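Student: Got a structure for you, written out below as C-alpha cells; questions coming shortly.
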Amino acid sequence: MANLHSAIELFPTPDHDHHSCAASILEAAERICAERRVRLTEKRRQVLEIIAKSHTAAGAYEILEKMAGPKGRPAPVIVYRALDFLMAQGFVHRLASLNAFIACANPQSDHGSQFLICRDCRAVMEFSNPTLGKAIHEGAQAASFSVDATMVEVSGLCAACARAQHE
Ligand SMILES: [Zn+2]
Ligand SMILES: [Zn+2]
Ligand SMILES: [Zn+2]
C-alpha cells in the first residue's frame with residue numbers, strides 16, 4: 001500500500017507519462033483477474049480502459065459516449081454491469097461527490113481510500129493513509145457502528161490549477 005508521502009509524489013501532474021499509468025492499470029487488472037479466475041471480458045476491459053485513460057473521474061454517461069461505435073452506443077445496462085464488476089474487483093472506485101468513477105491506484109490491496117479531488121480540472125488522486133483509516137475505525141467502534149467503507153473525498157484545487165489561477 002502506498003504511504004502518504006509516496007502517494008503525493010504520484011499526484012498526476014499534467015506533463016507526466018500517462019501512457020505508462022494507464023498501461024499498468026490494465027496489466028494489473030489482467031493479472032488479478034487471472035489469479036482470481038474471473039473474466040475480464042471485452043466490455044469490462046473497455047470500460048476500465050476508458051476510466052484509466054485519464055486521472056479525471058469519468059461519469060457513466062461519458063463512458064457510454066466513448067464506447068459508441070459504428071452501431072451506436074451500447075445499452076446502459078452493459079456499462080453498469082461492467083462497472084459493478086470493476087468495483088467489486090477493486091479496479092475502480094465510485095466517487096459519490098462527483099457520481100463518477102476513477103481507476104484504483106492500488107488494486108492489489110484491500111484498502112480504505114482517501115481522494116483529493118480538484119474542483120477545477122476534476123483530477124483525482126487516491127491515497128491510503130493507515131492512520132486516518134484507523135481513526136475512522138476507532139470513532140466508529142466507540143459508537144458501535146459497523147463500517148462498510150472508509151472512503152473520504154476531499155475537494156480542493158490541485159497544484160497545477162492553483163498555479164494557473166495565480167498567473
Ligand atoms: Zn497518469
Ligand atoms: Zn483504490
Ligand atoms: Zn486541477
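Going through the C-alpha cells in order, the chains are called A, B, and so on, while each chain numbers its residues from 1 and the ligands are numbered from 1 in the order shown.
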Residues within 12 Å of ligand 3 (only C-alpha atoms and all ligand atoms), as a list in words?

Tutor: Phe11, Pro12, Thr13, Pro14, His55, Thr56, Ala57, Leu116, Ile117, Cys118, Arg119, Asp120, Cys121, Arg122, Ala123, Val124, Met125, Ser155, Gly156, Leu157, Cys158, Ala159, Ala160, Cys161, Ala162, Arg163, Ala164 and Gln165 of chain A

Student: Keeping only N, CA and C atoms, write those residues as an mmCIF file, in the first residue's frame.

Tutor:
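Wrote selection37.cif, looks like this:
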data_model
loop_
_atom_site.group_PDB
_atom_site.id
_atom_site.type_symbol
_atom_site.label_atom_id
_atom_site.label_comp_id
_atom_site.auth_asym_id
_atom_site.auth_seq_id
_atom_site.Cartn_x
_atom_site.Cartn_y
_atom_site.Cartn_z
ATOM 1 N N PHE A 11 0.980 12.459 -7.481
ATOM 2 C CA PHE A 11 -0.144 13.284 -7.922
ATOM 3 C C PHE A 11 -0.003 13.557 -9.414
ATOM 4 N N PRO A 12 -1.072 13.339 -10.175
ATOM 5 C CA PRO A 12 -0.962 13.431 -11.628
ATOM 6 C C PRO A 12 -0.668 14.851 -12.127
ATOM 7 N N THR A 13 0.575 15.136 -12.378
ATOM 8 C CA THR A 13 0.913 16.435 -12.957
ATOM 9 C C THR A 13 0.563 16.393 -14.444
ATOM 10 N N PRO A 14 0.258 17.523 -15.047
ATOM 11 C CA PRO A 14 -0.201 17.497 -16.438
ATOM 12 C C PRO A 14 0.838 16.908 -17.413
ATOM 13 N N HIS A 55 -6.829 10.883 -15.365
ATOM 14 C CA HIS A 55 -6.901 10.979 -13.911
ATOM 15 C C HIS A 55 -8.112 11.801 -13.477
ATOM 16 N N THR A 56 -8.956 12.144 -14.432
ATOM 17 C CA THR A 56 -10.186 12.800 -14.043
ATOM 18 C C THR A 56 -11.273 11.738 -13.989
ATOM 19 N N ALA A 57 -12.212 11.913 -13.076
ATOM 20 C CA ALA A 57 -13.254 10.916 -12.897
ATOM 21 C C ALA A 57 -14.189 10.923 -14.104
ATOM 22 N N LEU A 116 -8.175 13.051 -3.176
ATOM 23 C CA LEU A 116 -8.067 14.501 -3.330
ATOM 24 C C LEU A 116 -8.680 14.802 -4.690
ATOM 25 N N ILE A 117 -9.715 15.605 -4.706
ATOM 26 C CA ILE A 117 -10.453 15.845 -5.943
ATOM 27 C C ILE A 117 -10.364 17.320 -6.293
ATOM 28 N N CYS A 118 -9.776 17.634 -7.440
ATOM 29 C CA CYS A 118 -9.662 19.035 -7.848
ATOM 30 C C CYS A 118 -11.001 19.511 -8.398
ATOM 31 N N ARG A 119 -11.520 20.593 -7.845
ATOM 32 C CA ARG A 119 -12.834 21.086 -8.278
ATOM 33 C C ARG A 119 -12.754 21.783 -9.634
ATOM 34 N N ASP A 120 -11.536 22.091 -10.082
ATOM 35 C CA ASP A 120 -11.385 22.790 -11.348
ATOM 36 C C ASP A 120 -11.210 21.818 -12.509
ATOM 37 N N CYS A 121 -10.152 21.013 -12.477
ATOM 38 C CA CYS A 121 -9.895 20.103 -13.598
ATOM 39 C C CYS A 121 -10.419 18.695 -13.338
ATOM 40 N N ARG A 122 -10.966 18.462 -12.170
ATOM 41 C CA ARG A 122 -11.515 17.160 -11.770
ATOM 42 C C ARG A 122 -10.473 16.045 -11.698
ATOM 43 N N ALA A 123 -9.198 16.416 -11.635
ATOM 44 C CA ALA A 123 -8.164 15.399 -11.421
ATOM 45 C C ALA A 123 -8.361 14.818 -10.025
ATOM 46 N N VAL A 124 -8.120 13.527 -9.911
ATOM 47 C CA VAL A 124 -8.322 12.847 -8.640
ATOM 48 C C VAL A 124 -7.062 12.104 -8.274
ATOM 49 N N MET A 125 -6.642 12.236 -7.037
ATOM 50 C CA MET A 125 -5.542 11.417 -6.570
ATOM 51 C C MET A 125 -6.005 10.592 -5.389
ATOM 52 N N SER A 155 -12.307 17.797 -1.362
ATOM 53 C CA SER A 155 -12.327 18.647 -2.551
ATOM 54 C C SER A 155 -11.408 19.837 -2.351
ATOM 55 N N GLY A 156 -10.897 20.351 -3.453
ATOM 56 C CA GLY A 156 -9.972 21.482 -3.388
ATOM 57 C C GLY A 156 -9.400 21.773 -4.757
ATOM 58 N N LEU A 157 -8.215 22.341 -4.755
ATOM 59 C CA LEU A 157 -7.563 22.719 -6.013
ATOM 60 C C LEU A 157 -6.238 21.995 -6.123
ATOM 61 N N CYS A 158 -5.942 21.398 -7.278
ATOM 62 C CA CYS A 158 -4.638 20.750 -7.465
ATOM 63 C C CYS A 158 -3.578 21.836 -7.685
ATOM 64 N N ALA A 159 -2.317 21.442 -7.559
ATOM 65 C CA ALA A 159 -1.224 22.415 -7.658
ATOM 66 C C ALA A 159 -1.231 23.121 -9.016
ATOM 67 N N ALA A 160 -1.490 22.364 -10.085
ATOM 68 C CA ALA A 160 -1.463 22.960 -11.426
ATOM 69 C C ALA A 160 -2.568 24.006 -11.580
ATOM 70 N N CYS A 161 -3.760 23.701 -11.072
ATOM 71 C CA CYS A 161 -4.873 24.656 -11.177
ATOM 72 C C CYS A 161 -4.649 25.863 -10.270
ATOM 73 N N ALA A 162 -4.083 25.620 -9.080
ATOM 74 C CA ALA A 162 -3.818 26.726 -8.171
ATOM 75 C C ALA A 162 -2.807 27.685 -8.823
ATOM 76 N N ARG A 163 -1.794 27.110 -9.485
ATOM 77 C CA ARG A 163 -0.770 27.913 -10.149
ATOM 78 C C ARG A 163 -1.411 28.715 -11.290
ATOM 79 N N ALA A 164 -2.246 28.040 -12.076
ATOM 80 C CA ALA A 164 -2.881 28.708 -13.217
ATOM 81 C C ALA A 164 -3.724 29.900 -12.746
ATOM 82 N N GLN A 165 -4.346 29.769 -11.568
ATOM 83 C CA GLN A 165 -5.180 30.860 -11.068
ATOM 84 C C GLN A 165 -4.369 32.077 -10.636
#

Student: Could the residues of chain A that have an atom at most 9 Å from ligand 1 be listed as a tab-separated table, each with its closest atom pair and the distance in Å to one decimal, counting only C-alpha atoms and all ligand atoms and ordered by chain and ascending residue number?

Tutor:
residue	atom	partner	partner_atom_place_in_ligand_line	distance
A:Leu10	CA	ligand 1	1 (Zn)	8.6
A:Phe11	CA	ligand 1	1 (Zn)	8.6
A:Pro12	CA	ligand 1	1 (Zn)	5.8
A:Thr13	CA	ligand 1	1 (Zn)	8.0
A:Pro14	CA	ligand 1	1 (Zn)	8.5
A:Asp15	CA	ligand 1	1 (Zn)	9.0
A:His16	CA	ligand 1	1 (Zn)	6.4
A:Asp17	CA	ligand 1	1 (Zn)	6.2
A:His18	CA	ligand 1	1 (Zn)	3.5
A:His19	CA	ligand 1	1 (Zn)	6.6
A:Ser20	CA	ligand 1	1 (Zn)	7.0
A:Cys21	CA	ligand 1	1 (Zn)	4.6
A:Ala22	CA	ligand 1	1 (Zn)	6.4
A:Ala52	CA	ligand 1	1 (Zn)	8.2
A:Lys53	CA	ligand 1	1 (Zn)	7.8
A:Ser54	CA	ligand 1	1 (Zn)	6.5
A:His55	CA	ligand 1	1 (Zn)	6.2

Student: Distance limit 12 Å, reference ligand 2, atoms considered: only C-alpha atoms and all ligand atoms. Which residues make the cut? Give them as an NGL selection string.

Tutor: :A and (1-2 or 7 or 25 or 86-95 or 101-115 or 124-129 or 149-152)

Student: Provide the CA of Ala75 in chain A to CA of Arg44 in chain A distance in Å, to one decimal place.

Tutor: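 Here the two named atoms are 13.6 Å from each other.
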
Student: For a test of reading the model, state the distance in Å between CA of Ala58 in chain A and CA of Ala23 in chain A, rounded to one decimal.

Tutor: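 It comes out at 17.5 Å.
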
Student: If I take CA of Gln46 in chain A and CA of Ala34 in chain A, how far is one from the other in Å, to one decimal?

Tutor: 17.0 Å

Student: Based on the backbone DSSP call, show me all residues of chain A assigned helix (DSSP H, G or I), as a PDB file with N, CA and C atoms, in the first residue's frame.

Tutor:
ATOM      1  N   LEU A   4       1.466   7.808   2.484  1.00  0.00           N
ATOM      2  CA  LEU A   4       1.011   9.153   2.144  1.00  0.00           C
ATOM      3  C   LEU A   4       2.062   9.901   1.331  1.00  0.00           C
ATOM      4  N   HIS A   5       3.305   9.769   1.789  1.00  0.00           N
ATOM      5  CA  HIS A   5       4.361  10.538   1.146  1.00  0.00           C
ATOM      6  C   HIS A   5       4.547  10.135  -0.314  1.00  0.00           C
ATOM      7  N   SER A   6       4.676   8.817  -0.554  1.00  0.00           N
ATOM      8  CA  SER A   6       4.936   8.408  -1.932  1.00  0.00           C
ATOM      9  C   SER A   6       3.701   8.656  -2.800  1.00  0.00           C
ATOM     10  N   ALA A   7       2.518   8.573  -2.188  1.00  0.00           N
ATOM     11  CA  ALA A   7       1.303   8.813  -2.972  1.00  0.00           C
ATOM     12  C   ALA A   7       1.261  10.247  -3.471  1.00  0.00           C
ATOM     13  N   ILE A   8       1.680  11.171  -2.617  1.00  0.00           N
ATOM     14  CA  ILE A   8       1.609  12.561  -3.025  1.00  0.00           C
ATOM     15  C   ILE A   8       2.601  12.860  -4.148  1.00  0.00           C
ATOM     16  N   GLU A   9       3.699  12.127  -4.145  1.00  0.00           N
ATOM     17  CA  GLU A   9       4.628  12.289  -5.268  1.00  0.00           C
ATOM     18  C   GLU A   9       3.998  11.811  -6.569  1.00  0.00           C
ATOM     19  N   HIS A  18       1.594   9.578 -18.887  1.00  0.00           N
ATOM     20  CA  HIS A  18       0.350   8.913 -18.526  1.00  0.00           C
ATOM     21  C   HIS A  18       0.167   7.585 -19.232  1.00  0.00           C
ATOM     22  N   HIS A  19       0.804   7.431 -20.346  1.00  0.00           N
ATOM     23  CA  HIS A  19       0.684   6.178 -21.081  1.00  0.00           C
ATOM     24  C   HIS A  19       1.030   4.992 -20.193  1.00  0.00           C
ATOM     25  N   SER A  20       2.079   5.173 -19.393  1.00  0.00           N
ATOM     26  CA  SER A  20       2.507   4.058 -18.550  1.00  0.00           C
ATOM     27  C   SER A  20       1.560   3.846 -17.365  1.00  0.00           C
ATOM     28  N   CYS A  21       0.936   4.912 -16.856  1.00  0.00           N
ATOM     29  CA  CYS A  21      -0.067   4.707 -15.779  1.00  0.00           C
ATOM     30  C   CYS A  21      -1.201   3.837 -16.301  1.00  0.00           C
ATOM     31  N   ALA A  22      -1.761   4.230 -17.447  1.00  0.00           N
ATOM     32  CA  ALA A  22      -2.928   3.529 -17.978  1.00  0.00           C
ATOM     33  C   ALA A  22      -2.566   2.082 -18.299  1.00  0.00           C
ATOM     34  N   ALA A  23      -1.384   1.887 -18.884  1.00  0.00           N
ATOM     35  CA  ALA A  23      -0.959   0.527 -19.241  1.00  0.00           C
ATOM     36  C   ALA A  23      -0.798  -0.326 -17.995  1.00  0.00           C
ATOM     37  N   SER A  24      -0.245   0.255 -16.923  1.00  0.00           N
ATOM     38  CA  SER A  24      -0.012  -0.575 -15.741  1.00  0.00           C
ATOM     39  C   SER A  24      -1.326  -0.916 -15.030  1.00  0.00           C
ATOM     40  N   ILE A  25      -2.321  -0.044 -15.120  1.00  0.00           N
ATOM     41  CA  ILE A  25      -3.639  -0.354 -14.540  1.00  0.00           C
ATOM     42  C   ILE A  25      -4.261  -1.552 -15.267  1.00  0.00           C
ATOM     43  N   LEU A  26      -4.162  -1.543 -16.599  1.00  0.00           N
ATOM     44  CA  LEU A  26      -4.751  -2.645 -17.368  1.00  0.00           C
ATOM     45  C   LEU A  26      -3.989  -3.948 -17.150  1.00  0.00           C
ATOM     46  N   GLU A  27      -2.678  -3.839 -17.076  1.00  0.00           N
ATOM     47  CA  GLU A  27      -1.859  -5.037 -16.814  1.00  0.00           C
ATOM     48  C   GLU A  27      -2.207  -5.647 -15.460  1.00  0.00           C
ATOM     49  N   ALA A  28      -2.304  -4.772 -14.440  1.00  0.00           N
ATOM     50  CA  ALA A  28      -2.620  -5.255 -13.091  1.00  0.00           C
ATOM     51  C   ALA A  28      -3.983  -5.934 -13.097  1.00  0.00           C
ATOM     52  N   ALA A  29      -4.953  -5.335 -13.792  1.00  0.00           N
ATOM     53  CA  ALA A  29      -6.306  -5.910 -13.828  1.00  0.00           C
ATOM     54  C   ALA A  29      -6.281  -7.287 -14.487  1.00  0.00           C
ATOM     55  N   GLU A  30      -5.533  -7.413 -15.562  1.00  0.00           N
ATOM     56  CA  GLU A  30      -5.454  -8.708 -16.246  1.00  0.00           C
ATOM     57  C   GLU A  30      -4.838  -9.766 -15.343  1.00  0.00           C
ATOM     58  N   ARG A  31      -3.780  -9.381 -14.659  1.00  0.00           N
ATOM     59  CA  ARG A  31      -3.087 -10.321 -13.785  1.00  0.00           C
ATOM     60  C   ARG A  31      -3.995 -10.752 -12.620  1.00  0.00           C
ATOM     61  N   ILE A  32      -4.650  -9.769 -12.004  1.00  0.00           N
ATOM     62  CA  ILE A  32      -5.504 -10.076 -10.850  1.00  0.00           C
ATOM     63  C   ILE A  32      -6.695 -10.949 -11.277  1.00  0.00           C
ATOM     64  N   CYS A  33      -7.271 -10.647 -12.444  1.00  0.00           N
ATOM     65  CA  CYS A  33      -8.397 -11.460 -12.927  1.00  0.00           C
ATOM     66  C   CYS A  33      -7.954 -12.906 -13.149  1.00  0.00           C
ATOM     67  N   ALA A  34      -6.757 -13.091 -13.702  1.00  0.00           N
ATOM     68  CA  ALA A  34      -6.254 -14.449 -13.930  1.00  0.00           C
ATOM     69  C   ALA A  34      -6.075 -15.165 -12.591  1.00  0.00           C
ATOM     70  N   GLU A  35      -5.516 -14.462 -11.603  1.00  0.00           N
ATOM     71  CA  GLU A  35      -5.322 -15.056 -10.269  1.00  0.00           C
ATOM     72  C   GLU A  35      -6.652 -15.435  -9.617  1.00  0.00           C
ATOM     73  N   ARG A  36      -7.638 -14.573  -9.784  1.00  0.00           N
ATOM     74  CA  ARG A  36      -8.942 -14.820  -9.134  1.00  0.00           C
ATOM     75  C   ARG A  36      -9.853 -15.685  -9.991  1.00  0.00           C
ATOM     76  N   GLU A  42     -14.294  -8.429 -22.829  1.00  0.00           N
ATOM     77  CA  GLU A  42     -14.002  -7.309 -23.722  1.00  0.00           C
ATOM     78  C   GLU A  42     -14.655  -6.001 -23.221  1.00  0.00           C
ATOM     79  N   LYS A  43     -15.929  -6.107 -22.846  1.00  0.00           N
ATOM     80  CA  LYS A  43     -16.650  -4.904 -22.392  1.00  0.00           C
ATOM     81  C   LYS A  43     -16.082  -4.375 -21.071  1.00  0.00           C
ATOM     82  N   ARG A  44     -15.774  -5.268 -20.160  1.00  0.00           N
ATOM     83  CA  ARG A  44     -15.213  -4.853 -18.873  1.00  0.00           C
ATOM     84  C   ARG A  44     -13.874  -4.171 -19.089  1.00  0.00           C
ATOM     85  N   ARG A  45     -13.076  -4.765 -19.964  1.00  0.00           N
ATOM     86  CA  ARG A  45     -11.763  -4.213 -20.254  1.00  0.00           C
ATOM     87  C   ARG A  45     -11.907  -2.822 -20.893  1.00  0.00           C
ATOM     88  N   GLN A  46     -12.859  -2.730 -21.789  1.00  0.00           N
ATOM     89  CA  GLN A  46     -13.070  -1.462 -22.500  1.00  0.00           C
ATOM     90  C   GLN A  46     -13.478  -0.350 -21.523  1.00  0.00           C
ATOM     91  N   VAL A  47     -14.358  -0.676 -20.590  1.00  0.00           N
ATOM     92  CA  VAL A  47     -14.797   0.328 -19.609  1.00  0.00           C
ATOM     93  C   VAL A  47     -13.615   0.735 -18.721  1.00  0.00           C
ATOM     94  N   LEU A  48     -12.838  -0.245 -18.287  1.00  0.00           N
ATOM     95  CA  LEU A  48     -11.679   0.068 -17.447  1.00  0.00           C
ATOM     96  C   LEU A  48     -10.679   0.943 -18.212  1.00  0.00           C
ATOM     97  N   GLU A  49     -10.494   0.613 -19.483  1.00  0.00           N
ATOM     98  CA  GLU A  49      -9.552   1.374 -20.300  1.00  0.00           C
ATOM     99  C   GLU A  49      -9.986   2.838 -20.413  1.00  0.00           C
ATOM    100  N   ILE A  50     -11.272   3.052 -20.608  1.00  0.00           N
ATOM    101  CA  ILE A  50     -11.796   4.429 -20.716  1.00  0.00           C
ATOM    102  C   ILE A  50     -11.575   5.177 -19.400  1.00  0.00           C
ATOM    103  N   ILE A  51     -11.845   4.504 -18.273  1.00  0.00           N
ATOM    104  CA  ILE A  51     -11.681   5.165 -16.968  1.00  0.00           C
ATOM    105  C   ILE A  51     -10.198   5.424 -16.694  1.00  0.00           C
ATOM    106  N   ALA A  52      -9.349   4.471 -17.057  1.00  0.00           N
ATOM    107  CA  ALA A  52      -7.917   4.596 -16.764  1.00  0.00           C
ATOM    108  C   ALA A  52      -7.222   5.599 -17.683  1.00  0.00           C
ATOM    109  N   ALA A  60     -20.832   7.812 -15.881  1.00  0.00           N
ATOM    110  CA  ALA A  60     -21.347   6.684 -16.666  1.00  0.00           C
ATOM    111  C   ALA A  60     -21.748   7.131 -18.082  1.00  0.00           C
ATOM    112  N   TYR A  61     -22.313   8.305 -18.178  1.00  0.00           N
ATOM    113  CA  TYR A  61     -22.755   8.788 -19.497  1.00  0.00           C
ATOM    114  C   TYR A  61     -21.564   9.020 -20.425  1.00  0.00           C
ATOM    115  N   GLU A  62     -20.519   9.591 -19.840  1.00  0.00           N
ATOM    116  CA  GLU A  62     -19.293   9.833 -20.609  1.00  0.00           C
ATOM    117  C   GLU A  62     -18.694   8.507 -21.102  1.00  0.00           C
ATOM    118  N   ILE A  63     -18.738   7.491 -20.242  1.00  0.00           N
ATOM    119  CA  ILE A  63     -18.216   6.172 -20.619  1.00  0.00           C
ATOM    120  C   ILE A  63     -19.040   5.613 -21.776  1.00  0.00           C
ATOM    121  N   LEU A  64     -20.351   5.749 -21.660  1.00  0.00           N
ATOM    122  CA  LEU A  64     -21.247   5.282 -22.734  1.00  0.00           C
ATOM    123  C   LEU A  64     -20.915   5.946 -24.064  1.00  0.00           C
ATOM    124  N   GLU A  65     -20.711   7.268 -23.998  1.00  0.00           N
ATOM    125  CA  GLU A  65     -20.396   8.021 -25.214  1.00  0.00           C
ATOM    126  C   GLU A  65     -19.106   7.518 -25.853  1.00  0.00           C
ATOM    127  N   LYS A  66     -18.115   7.240 -24.994  1.00  0.00           N
ATOM    128  CA  LYS A  66     -16.811   6.821 -25.514  1.00  0.00           C
ATOM    129  C   LYS A  66     -16.841   5.392 -26.048  1.00  0.00           C
ATOM    130  N   MET A  67     -17.853   4.617 -25.632  1.00  0.00           N
ATOM    131  CA  MET A  67     -17.955   3.252 -26.130  1.00  0.00           C
ATOM    132  C   MET A  67     -18.726   3.179 -27.432  1.00  0.00           C
ATOM    133  N   PRO A  76     -27.091   1.075 -21.683  1.00  0.00           N
ATOM    134  CA  PRO A  76     -26.518   1.490 -20.395  1.00  0.00           C
ATOM    135  C   PRO A  76     -26.281   0.331 -19.431  1.00  0.00           C
ATOM    136  N   VAL A  77     -27.166  -0.687 -19.487  1.00  0.00           N
ATOM    137  CA  VAL A  77     -27.033  -1.799 -18.551  1.00  0.00           C
ATOM    138  C   VAL A  77     -25.681  -2.511 -18.733  1.00  0.00           C
ATOM    139  N   ILE A  78     -25.167  -2.508 -19.934  1.00  0.00           N
ATOM    140  CA  ILE A  78     -23.870  -3.152 -20.199  1.00  0.00           C
ATOM    141  C   ILE A  78     -22.766  -2.414 -19.458  1.00  0.00           C
ATOM    142  N   VAL A  79     -22.839  -1.088 -19.509  1.00  0.00           N
ATOM    143  CA  VAL A  79     -21.843  -0.273 -18.826  1.00  0.00           C
ATOM    144  C   VAL A  79     -21.988  -0.426 -17.308  1.00  0.00           C
ATOM    145  N   TYR A  80     -23.238  -0.396 -16.823  1.00  0.00           N
ATOM    146  CA  TYR A  80     -23.435  -0.523 -15.371  1.00  0.00           C
ATOM    147  C   TYR A  80     -22.985  -1.878 -14.854  1.00  0.00           C
ATOM    148  N   ARG A  81     -23.231  -2.928 -15.633  1.00  0.00           N
ATOM    149  CA  ARG A  81     -22.787  -4.261 -15.200  1.00  0.00           C
ATOM    150  C   ARG A  81     -21.268  -4.338 -15.176  1.00  0.00           C
ATOM    151  N   ALA A  82     -20.643  -3.759 -16.183  1.00  0.00           N
ATOM    152  CA  ALA A  82     -19.172  -3.764 -16.224  1.00  0.00           C
ATOM    153  C   ALA A  82     -18.626  -2.966 -15.037  1.00  0.00           C
ATOM    154  N   LEU A  83     -19.266  -1.828 -14.733  1.00  0.00           N
ATOM    155  CA  LEU A  83     -18.816  -1.017 -13.598  1.00  0.00           C
ATOM    156  C   LEU A  83     -18.976  -1.782 -12.277  1.00  0.00           C
ATOM    157  N   ASP A  84     -20.081  -2.513 -12.143  1.00  0.00           N
ATOM    158  CA  ASP A  84     -20.283  -3.309 -10.917  1.00  0.00           C
ATOM    159  C   ASP A  84     -19.157  -4.322 -10.748  1.00  0.00           C
ATOM    160  N   PHE A  85     -18.812  -4.977 -11.851  1.00  0.00           N
ATOM    161  CA  PHE A  85     -17.717  -5.953 -11.801  1.00  0.00           C
ATOM    162  C   PHE A  85     -16.404  -5.258 -11.422  1.00  0.00           C
ATOM    163  N   LEU A  86     -16.109  -4.166 -12.080  1.00  0.00           N
ATOM    164  CA  LEU A  86     -14.833  -3.475 -11.845  1.00  0.00           C
ATOM    165  C   LEU A  86     -14.745  -2.943 -10.416  1.00  0.00           C
ATOM    166  N   MET A  87     -15.886  -2.504  -9.862  1.00  0.00           N
ATOM    167  CA  MET A  87     -15.886  -2.032  -8.469  1.00  0.00           C
ATOM    168  C   MET A  87     -15.734  -3.207  -7.510  1.00  0.00           C
ATOM    169  N   ALA A  88     -16.437  -4.305  -7.806  1.00  0.00           N
ATOM    170  CA  ALA A  88     -16.347  -5.476  -6.922  1.00  0.00           C
ATOM    171  C   ALA A  88     -14.913  -6.005  -6.875  1.00  0.00           C
ATOM    172  N   PRO A 130      -3.044   4.791   6.561  1.00  0.00           N
ATOM    173  CA  PRO A 130      -3.497   3.848   7.589  1.00  0.00           C
ATOM    174  C   PRO A 130      -3.902   4.553   8.883  1.00  0.00           C
ATOM    175  N   THR A 131      -3.256   5.659   9.206  1.00  0.00           N
ATOM    176  CA  THR A 131      -3.587   6.379  10.440  1.00  0.00           C
ATOM    177  C   THR A 131      -5.008   6.921  10.383  1.00  0.00           C
ATOM    178  N   LEU A 132      -5.362   7.459   9.210  1.00  0.00           N
ATOM    179  CA  LEU A 132      -6.703   8.001   9.017  1.00  0.00           C
ATOM    180  C   LEU A 132      -7.736   6.878   9.074  1.00  0.00           C
ATOM    181  N   GLY A 133      -7.414   5.769   8.409  1.00  0.00           N
ATOM    182  CA  GLY A 133      -8.315   4.621   8.424  1.00  0.00           C
ATOM    183  C   GLY A 133      -8.553   4.134   9.844  1.00  0.00           C
ATOM    184  N   LYS A 134      -7.474   4.108  10.616  1.00  0.00           N
ATOM    185  CA  LYS A 134      -7.561   3.629  11.991  1.00  0.00           C
ATOM    186  C   LYS A 134      -8.438   4.567  12.822  1.00  0.00           C
ATOM    187  N   ALA A 135      -8.254   5.874  12.609  1.00  0.00           N
ATOM    188  CA  ALA A 135      -9.048   6.858  13.353  1.00  0.00           C
ATOM    189  C   ALA A 135     -10.539   6.694  13.048  1.00  0.00           C
ATOM    190  N   ILE A 136     -10.862   6.427  11.787  1.00  0.00           N
ATOM    191  CA  ILE A 136     -12.270   6.237  11.409  1.00  0.00           C
ATOM    192  C   ILE A 136     -12.827   4.991  12.113  1.00  0.00           C
ATOM    193  N   HIS A 137     -12.016   3.900  12.076  1.00  0.00           N
ATOM    194  CA  HIS A 137     -12.479   2.672  12.723  1.00  0.00           C
ATOM    195  C   HIS A 137     -12.655   2.857  14.232  1.00  0.00           C
ATOM    196  N   GLU A 138     -11.757   3.588  14.842  1.00  0.00           N
ATOM    197  CA  GLU A 138     -11.857   3.821  16.286  1.00  0.00           C
ATOM    198  C   GLU A 138     -13.104   4.630  16.628  1.00  0.00           C
ATOM    199  N   GLY A 139     -13.336   5.683  15.845  1.00  0.00           N
ATOM    200  CA  GLY A 139     -14.520   6.520  16.072  1.00  0.00           C
ATOM    201  C   GLY A 139     -15.789   5.707  15.898  1.00  0.00           C
ATOM    202  N   ALA A 140     -15.796   4.852  14.856  1.00  0.00           N
ATOM    203  CA  ALA A 140     -16.976   4.025  14.577  1.00  0.00           C
ATOM    204  C   ALA A 140     -17.192   3.024  15.707  1.00  0.00           C
ATOM    205  N   GLN A 141     -16.104   2.430  16.144  1.00  0.00           N
ATOM    206  CA  GLN A 141     -16.191   1.425  17.198  1.00  0.00           C
ATOM    207  C   GLN A 141     -16.783   2.017  18.486  1.00  0.00           C
ATOM    208  N   ALA A 142     -16.326   3.231  18.792  1.00  0.00           N
ATOM    209  CA  ALA A 142     -16.818   3.905  20.000  1.00  0.00           C
ATOM    210  C   ALA A 142     -18.322   4.132  19.916  1.00  0.00           C
ATOM    211  N   ALA A 159      -2.317  21.442  -7.559  1.00  0.00           N
ATOM    212  CA  ALA A 159      -1.224  22.415  -7.658  1.00  0.00           C
ATOM    213  C   ALA A 159      -1.231  23.121  -9.016  1.00  0.00           C
ATOM    214  N   ALA A 160      -1.490  22.364 -10.085  1.00  0.00           N
ATOM    215  CA  ALA A 160      -1.463  22.960 -11.426  1.00  0.00           C
ATOM    216  C   ALA A 160      -2.568  24.006 -11.580  1.00  0.00           C
ATOM    217  N   CYS A 161      -3.760  23.701 -11.072  1.00  0.00           N
ATOM    218  CA  CYS A 161      -4.873  24.656 -11.177  1.00  0.00           C
ATOM    219  C   CYS A 161      -4.649  25.863 -10.270  1.00  0.00           C
ATOM    220  N   ALA A 162      -4.083  25.620  -9.080  1.00  0.00           N
ATOM    221  CA  ALA A 162      -3.818  26.726  -8.171  1.00  0.00           C
ATOM    222  C   ALA A 162      -2.807  27.685  -8.823  1.00  0.00           C
ATOM    223  N   ARG A 163      -1.794  27.110  -9.485  1.00  0.00           N
ATOM    224  CA  ARG A 163      -0.770  27.913 -10.149  1.00  0.00           C
ATOM    225  C   ARG A 163      -1.411  28.715 -11.290  1.00  0.00           C
ATOM    226  N   ALA A 164      -2.246  28.040 -12.076  1.00  0.00           N
ATOM    227  CA  ALA A 164      -2.881  28.708 -13.217  1.00  0.00           C
ATOM    228  C   ALA A 164      -3.724  29.900 -12.746  1.00  0.00           C
ATOM    229  N   GLN A 165      -4.346  29.769 -11.568  1.00  0.00           N
ATOM    230  CA  GLN A 165      -5.180  30.860 -11.068  1.00  0.00           C
ATOM    231  C   GLN A 165      -4.369  32.077 -10.636  1.00  0.00           C
ATOM    232  N   HIS A 166      -3.092  31.819 -10.339  1.00  0.00           N
ATOM    233  CA  HIS A 166      -2.258  32.935  -9.871  1.00  0.00           C
ATOM    234  C   HIS A 166      -1.525  33.631 -11.006  1.00  0.00           C
TER     235      HIS A 166
END
